[in-house]
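**Student:** What follows is entry-v7.txt, compact mmCIF, C-alpha atoms.
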```
# COMPACT_ATOMS: atom_id res chain seq x y z
CA MET A 26 100.53 43.05 140.99
CA SER A 27 100.88 46.40 142.68
CA ILE A 28 99.17 49.62 143.68
CA LYS A 29 100.71 53.04 143.17
CA VAL A 30 100.21 55.32 146.18
CA LEU A 31 100.68 59.11 146.13
CA PHE A 32 100.89 61.69 148.93
CA PHE A 33 100.52 65.44 148.49
CA ALA A 34 101.28 68.68 150.32
CA SER A 35 101.63 68.54 154.13
CA LEU A 36 100.95 64.79 154.18
CA ARG A 37 103.97 64.19 151.91
CA ASP A 38 106.08 66.25 154.34
CA THR A 39 104.72 64.31 157.35
CA LEU A 40 105.39 60.91 155.78
CA GLY A 41 108.70 62.06 154.28
CA ARG A 42 108.04 60.72 150.76
CA ALA A 43 105.90 61.43 147.70
CA GLY A 44 104.50 57.93 147.36
CA ASP A 45 104.90 54.16 147.50
CA GLU A 46 104.43 51.13 145.32
CA ILE A 47 102.76 48.40 147.39
CA ASP A 48 101.84 44.78 146.77
CA VAL A 49 98.13 44.25 146.20
CA ALA A 50 98.09 41.06 148.33
CA GLY A 51 95.88 41.54 151.40
CA ILE A 52 94.59 44.92 150.16
CA ASP A 53 90.82 45.25 149.67
CA THR A 54 90.01 48.91 150.39
CA VAL A 55 91.54 52.36 150.49
CA ALA A 56 91.66 52.05 154.29
CA ASP A 57 93.85 48.94 153.85
CA VAL A 58 96.18 50.95 151.59
CA TRP A 59 96.45 53.65 154.27
CA ALA A 60 97.28 51.05 156.93
CA ALA A 61 100.03 49.67 154.66
CA VAL A 62 101.73 53.00 154.00
CA ALA A 63 101.06 55.32 156.94
CA ASP A 64 103.78 54.13 159.32
CA GLY A 65 101.19 53.51 162.07
CA GLU A 66 99.59 56.97 161.78
CA ALA A 67 95.80 57.00 162.31
CA MET A 68 93.84 58.22 159.30
CA PRO A 69 93.13 61.96 159.85
CA SER A 70 89.36 62.67 159.94
CA ASN A 71 89.71 65.34 157.24
CA LEU A 72 91.91 63.24 154.94
CA LEU A 73 90.84 63.20 151.28
CA MET A 74 91.44 60.19 149.05
CA ALA A 75 91.11 59.26 145.40
CA ILE A 76 91.33 56.17 143.22
CA ASN A 77 92.52 56.81 139.66
CA GLN A 78 91.98 60.56 140.21
CA ASP A 79 88.33 60.31 141.37
CA TYR A 80 87.35 61.07 144.97
CA VAL A 81 86.35 58.00 147.02
CA LYS A 82 85.63 57.08 150.65
CA ALA A 83 87.92 54.92 152.78
CA ASP A 84 85.77 51.82 152.23
CA ALA A 85 86.09 51.97 148.41
CA SER A 86 87.51 48.82 146.77
CA VAL A 87 91.01 48.92 145.33
CA GLN A 88 92.11 46.85 142.32
CA ASN A 89 95.50 45.84 140.98
CA ASN A 90 97.24 48.70 139.09
CA ASP A 91 95.07 51.39 140.71
CA GLU A 92 96.57 54.77 141.58
CA VAL A 93 95.53 55.67 145.13
CA ALA A 94 96.14 59.21 146.41
CA PHE A 95 95.91 60.65 149.92
CA PHE A 96 95.93 64.37 150.64
CA PRO A 97 94.87 67.05 153.13
CA PRO A 98 91.90 69.43 152.57
CA VAL A 99 92.40 71.43 149.38
CA THR A 100 93.18 75.17 149.50
CA GLY A 101 93.12 76.46 145.92
CA GLY A 102 91.38 79.47 144.46
CA MET B 14 83.04 74.56 124.98
CA PRO B 15 83.84 74.86 128.71
CA LYS B 16 87.52 75.46 129.14
CA VAL B 17 90.03 74.75 131.91
CA ILE B 18 93.64 75.97 131.77
CA LEU B 19 96.45 75.74 134.34
CA PHE B 20 99.26 78.31 134.09
CA ASN B 21 102.81 77.67 135.30
CA GLY B 22 103.68 81.36 135.15
CA PRO B 23 101.90 84.72 135.40
CA PHE B 24 98.77 85.17 133.28
CA ASP B 25 96.49 88.11 132.48
CA PRO B 26 92.95 87.00 133.37
CA TYR B 27 91.33 89.84 131.43
CA ALA B 28 93.29 89.09 128.24
CA GLU B 29 92.28 85.42 128.56
CA LEU B 30 88.65 86.44 129.08
CA LYS B 31 88.75 88.45 125.86
CA LYS B 32 90.21 85.51 123.94
CA VAL B 33 87.41 83.23 125.10
CA GLU B 34 84.78 85.86 124.26
CA ALA B 35 86.20 86.12 120.74
CA ALA B 36 86.00 82.33 120.40
CA LEU B 37 82.41 82.36 121.72
CA VAL B 38 81.38 84.75 118.96
CA VAL B 39 83.04 82.50 116.36
CA GLN B 40 81.31 79.45 117.82
CA HIS B 41 77.82 80.84 118.51
CA GLY B 42 77.58 84.00 116.38
CA LEU B 43 77.06 87.60 117.42
CA GLY B 44 74.56 88.61 120.12
CA GLN B 45 74.19 85.23 121.82
CA TYR B 46 74.87 86.31 125.42
CA GLY B 47 73.72 89.28 127.44
CA ALA B 48 75.65 88.68 130.65
CA THR B 49 79.27 87.94 131.49
CA THR B 50 80.37 87.49 135.09
CA SER B 51 83.90 86.81 136.23
CA PHE B 52 85.70 86.38 139.52
CA VAL B 53 89.46 86.92 139.80
CA GLY B 54 91.39 85.77 142.86
CA THR B 55 94.67 87.60 143.54
CA MET B 56 97.49 86.75 145.92
CA ARG B 57 97.57 88.86 149.09
CA ASP B 58 100.79 89.70 150.98
CA PHE B 59 99.18 88.85 154.34
CA ASN B 60 97.34 85.88 155.87
CA GLU B 61 96.34 84.98 159.43
CA GLY B 62 98.09 88.11 160.69
CA ASP B 63 101.45 87.33 159.07
CA ASP B 64 103.30 88.89 156.14
CA VAL B 65 103.47 86.51 153.19
CA SER B 66 106.28 87.16 150.69
CA ALA B 67 105.59 84.32 148.24
CA MET B 68 103.54 81.20 147.78
CA PHE B 69 103.86 77.78 146.15
CA LEU B 70 100.72 76.29 144.64
CA GLU B 71 100.94 72.52 144.44
CA HIS B 72 98.48 70.45 142.41
CA TYR B 73 97.83 66.83 141.43
CA PRO B 74 98.57 66.73 137.68
CA GLY B 75 95.72 64.98 135.92
CA MET B 76 93.26 64.93 138.80
CA THR B 77 93.26 68.72 139.14
CA GLU B 78 92.29 69.23 135.48
CA LYS B 79 89.72 66.42 135.75
CA ALA B 80 88.13 67.95 138.87
CA LEU B 81 87.92 71.39 137.22
CA GLU B 82 86.37 69.92 134.07
CA THR B 83 83.79 68.11 136.21
CA ILE B 84 82.93 71.42 137.92
CA CYS B 85 82.52 73.16 134.51
CA THR B 86 80.32 70.35 133.22
CA GLN B 87 78.17 70.56 136.35
CA ALA B 88 77.77 74.33 135.90
CA MET B 89 76.74 73.82 132.26
CA ASN B 90 74.16 71.22 133.39
CA ASP B 91 72.81 73.15 136.38
CA TYR B 92 72.51 76.69 134.93
CA PRO B 93 71.28 78.05 131.59
CA ILE B 94 74.70 79.35 130.59
CA LEU B 95 76.26 79.52 127.15
CA ASP B 96 79.75 78.70 128.38
CA CYS B 97 82.14 78.84 131.33
CA LEU B 98 85.85 79.16 131.98
CA ILE B 99 88.25 78.25 134.79
CA LEU B 100 91.89 79.42 134.81
CA HIS B 101 94.24 78.63 137.69
CA ARG B 102 97.88 79.29 138.46
CA VAL B 103 100.26 76.60 139.75
CA GLY B 104 103.86 76.77 140.96
CA ASP B 105 105.65 79.77 142.47
CA ILE B 106 103.50 82.89 142.94
CA LYS B 107 104.18 86.44 144.12
CA PRO B 108 101.80 88.92 145.82
CA ASN B 109 99.47 90.68 143.38
CA ASP B 110 99.67 87.82 140.84
CA SER B 111 96.34 86.46 139.65
CA ILE B 112 95.67 83.00 141.09
CA VAL B 113 92.31 82.11 139.61
CA LEU B 114 89.64 83.27 137.21
CA VAL B 115 86.17 81.79 136.83
CA ALA B 116 83.69 83.19 134.33
CA ALA B 117 80.27 82.40 132.92
CA TRP B 118 78.24 83.71 129.98
CA SER B 119 74.46 83.63 129.80
CA ALA B 120 71.46 85.37 128.24
CA HIS B 121 70.55 87.10 131.54
CA ARG B 122 72.60 88.11 134.59
CA GLY B 123 71.14 85.71 137.18
CA ALA B 124 72.47 82.50 135.67
CA ALA B 125 75.91 84.00 135.02
CA PHE B 126 76.22 85.26 138.62
CA ASP B 127 74.96 81.98 140.10
CA ALA B 128 77.18 79.83 137.89
CA SER B 129 80.31 81.89 138.68
CA ARG B 130 79.65 81.59 142.41
CA MET B 131 79.17 77.86 142.09
CA LEU B 132 82.37 77.50 140.01
CA ILE B 133 84.58 79.23 142.58
CA GLU B 134 82.97 77.60 145.64
CA LYS B 135 83.21 74.08 144.14
CA LEU B 136 86.79 74.78 143.09
CA LYS B 137 87.60 75.73 146.68
CA THR B 138 86.30 72.41 148.06
CA ASP B 139 86.92 69.93 145.21
CA ALA B 140 89.95 70.87 143.13
CA PRO B 141 93.24 69.41 144.41
CA PHE B 142 95.41 72.49 144.94
CA TRP B 143 97.45 73.24 148.07
CA LYS B 144 99.03 76.55 149.06
CA LYS B 145 102.36 76.78 150.87
CA GLU B 146 103.16 80.28 152.12
CA THR B 147 106.62 81.74 152.57
CA LEU B 148 106.86 83.82 155.78
CA LYS B 149 109.82 85.55 157.42
CA GLU B 150 110.12 82.60 159.82
CA GLY B 151 109.93 79.92 157.11
CA ALA B 152 107.20 78.20 155.13
CA ARG B 153 103.80 76.82 156.15
CA TRP B 154 100.99 74.92 154.44
CA VAL B 155 97.61 76.67 154.40
CA GLU B 156 95.38 74.23 156.26
CA LYS B 157 91.93 75.43 155.31
CA ASN B 158 90.05 77.94 153.17
CA THR B 159 88.93 81.21 154.69
CA LYS B 160 85.22 82.01 154.63
CA GLY B 161 84.12 83.65 151.39
```
Translate this file's structure into structure tokens.
**Tutor:**
Amino acid sequence: MSIKVLFFASLRDTLGRAGDEIDVAGIDTVADVWAAVADGEAMPSNLLMAINQDYVKADASVQNNDEVAFFPPVTGG
Amino acid sequence: MPKVILFNGPFDPYAELKKVEAALVVQHGLGQYGATTSFVGTMRDFNEGDDVSAMFLEHYPGMTEKALETICTQAMNDYPILDCLILHRVGDIKPNDSIVLVAAWSAHRGAAFDASRMLIEKLKTDAPFWKKETLKEGARWVEKNTKG
């Protein structure tokens, strides 16, 4: 019963790791996932997030076995 | 069929464009489009007043392809185009390398121009890619897109 969490780019550098595997107990939303992994860091206002590789907002519901990703604004092209 | 390809090494955007045009003729027959527009993005050796000697382009395998395919599908739905194409580099890049190509084919020029603009602008805001520049003093993440 777990959630896979991924961090990319400068956020991965800030947190010092590429991701986490967290227990789903007590987790309802993406914001709850952030609180569980972010070492007390407030959620940046420009943070982007995805569940199972689709963009979502912080209040989106998270289910067991979901892949949740957090990353800074994108800069491709 | 709209096409999305990520390249781990250098690619020739114009050769790729020709390949897709040849496939379009096979798929749709001769004389089916009157307009082709393409945009190619190339790596500069300067940014924000600093010399940039190299760049790393990170992406989110799976989500990046999915986001680009969604953008292509949206372009096909929103404009009367025959087809569209997005090519993007990932990994280590040197100045003057091609980073991105978007292209659209349509009967008349307006739809092809509009669709190409939409493809590159949506890619800039929606596709999970991140640039890390190598400078003399070290490396830095690019924090935001410059104005087009």
**Student:** Taking only C-alpha atoms into account, what are the residues of chain A at most 8 Å from chain B, put as a ChimeraX atom specification?
**Tutor:** /A:33-35,78-79,97-102
**Student:** In Å to one decimal, how far is atom CA of A:Ser70 from atom CA of B:Met68?
**Tutor:** 26.3 Å
**Student:** Identify, on the basis of all atoms listed in the file, every residue whose closest approach to A:Asp91 does not exceed 12 Å; exclude the query and any residue fewer than 4 positions from it along the same chain; express the result as a PyMOL selection string.
**Tutor:** chain A and resi 26-31+46-49+52-55+58+75-79+85-87
**Student:** Using all atoms listed in the file, find the one residue out of B:Val65, B:Ala88, B:Met131, B:Ala125 that sits nearest to B:Glu150.
**Tutor:**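 Of B:Val65, B:Ala88, B:Met131, B:Ala125, the one nearest B:Glu150 is B:Val65, counting all atoms listed in the file.
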**Student:** Just to confirm, what's the straight-line distance from atom CA of B:Cys97 to atom CA of B:Glu29 in Å (one decimal)?
**Tutor:** 12.4 Å
**Student:** Do you have the atom CA of A:Gln88-atom CA of A:Asp45 distance handy?
**Tutor:** 15.6 Å
**Student:** So, with only C-alpha atoms as the atoms that count, which of A:Phe32, A:Phe96, A:Leu40, A:Val81 lies closest to A:Pro69?
**Tutor:**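 Nearest candidate to A:Pro69 out of A:Phe32, A:Phe96, A:Leu40, A:Val81: A:Phe96.
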**Student:** Quick one: residues within 12 Å of B:His41, all atoms listed in the file counted, chain neighbours fewer than 6 positions away excluded, as a PyMOL selection string?
**Tutor:** chain B and resi 14+33-35+95-96+118
**Student:** Since the input is missing atoms for stretch 78-93 of chain B, could you rebuild it with N, CA and C atoms and give the result as a CSV table (one decimal), in the coordinates of the input?
**Tutor:**
```csv
chain,number,residue,atom,x,y,z
B,78,GLU,N,93.0,68.9,136.7
B,78,GLU,CA,92.3,69.2,135.5
B,78,GLU,C,90.9,68.5,135.4
B,79,LYS,N,90.9,67.2,135.8
B,79,LYS,CA,89.7,66.4,135.8
B,79,LYS,C,88.7,67.0,136.7
B,80,ALA,N,89.1,67.4,137.9
B,80,ALA,CA,88.1,68.0,138.9
B,80,ALA,C,87.6,69.3,138.4
B,81,LEU,N,88.4,70.1,137.7
B,81,LEU,CA,87.9,71.4,137.2
B,81,LEU,C,87.0,71.2,136.0
B,82,GLU,N,87.3,70.2,135.2
B,82,GLU,CA,86.4,69.9,134.1
B,82,GLU,C,85.0,69.4,134.6
B,83,THR,N,85.0,68.6,135.6
B,83,THR,CA,83.8,68.1,136.2
B,83,THR,C,83.0,69.3,136.7
B,84,ILE,N,83.6,70.2,137.4
B,84,ILE,CA,82.9,71.4,137.9
B,84,ILE,C,82.3,72.2,136.8
B,85,CYS,N,83.1,72.4,135.7
B,85,CYS,CA,82.5,73.2,134.5
B,85,CYS,C,81.3,72.4,133.9
B,86,THR,N,81.4,71.1,133.8
B,86,THR,CA,80.3,70.4,133.2
B,86,THR,C,79.1,70.5,134.1
B,87,GLN,N,79.3,70.4,135.4
B,87,GLN,CA,78.2,70.6,136.4
B,87,GLN,C,77.5,71.9,136.2
B,88,ALA,N,78.3,73.0,136.1
B,88,ALA,CA,77.8,74.3,135.9
B,88,ALA,C,76.9,74.4,134.6
B,89,MET,N,77.5,73.8,133.5
B,89,MET,CA,76.7,73.8,132.3
B,89,MET,C,75.4,73.1,132.4
B,90,ASN,N,75.4,72.0,133.2
B,90,ASN,CA,74.2,71.2,133.4
B,90,ASN,C,73.2,71.9,134.3
B,91,ASP,N,73.7,72.6,135.3
B,91,ASP,CA,72.8,73.2,136.4
B,91,ASP,C,72.3,74.6,136.1
B,92,TYR,N,72.9,75.3,135.2
B,92,TYR,CA,72.5,76.7,134.9
B,92,TYR,C,72.4,76.9,133.4
B,93,PRO,N,71.4,77.8,133.0
B,93,PRO,CA,71.3,78.0,131.6
B,93,PRO,C,72.3,79.0,131.1
```
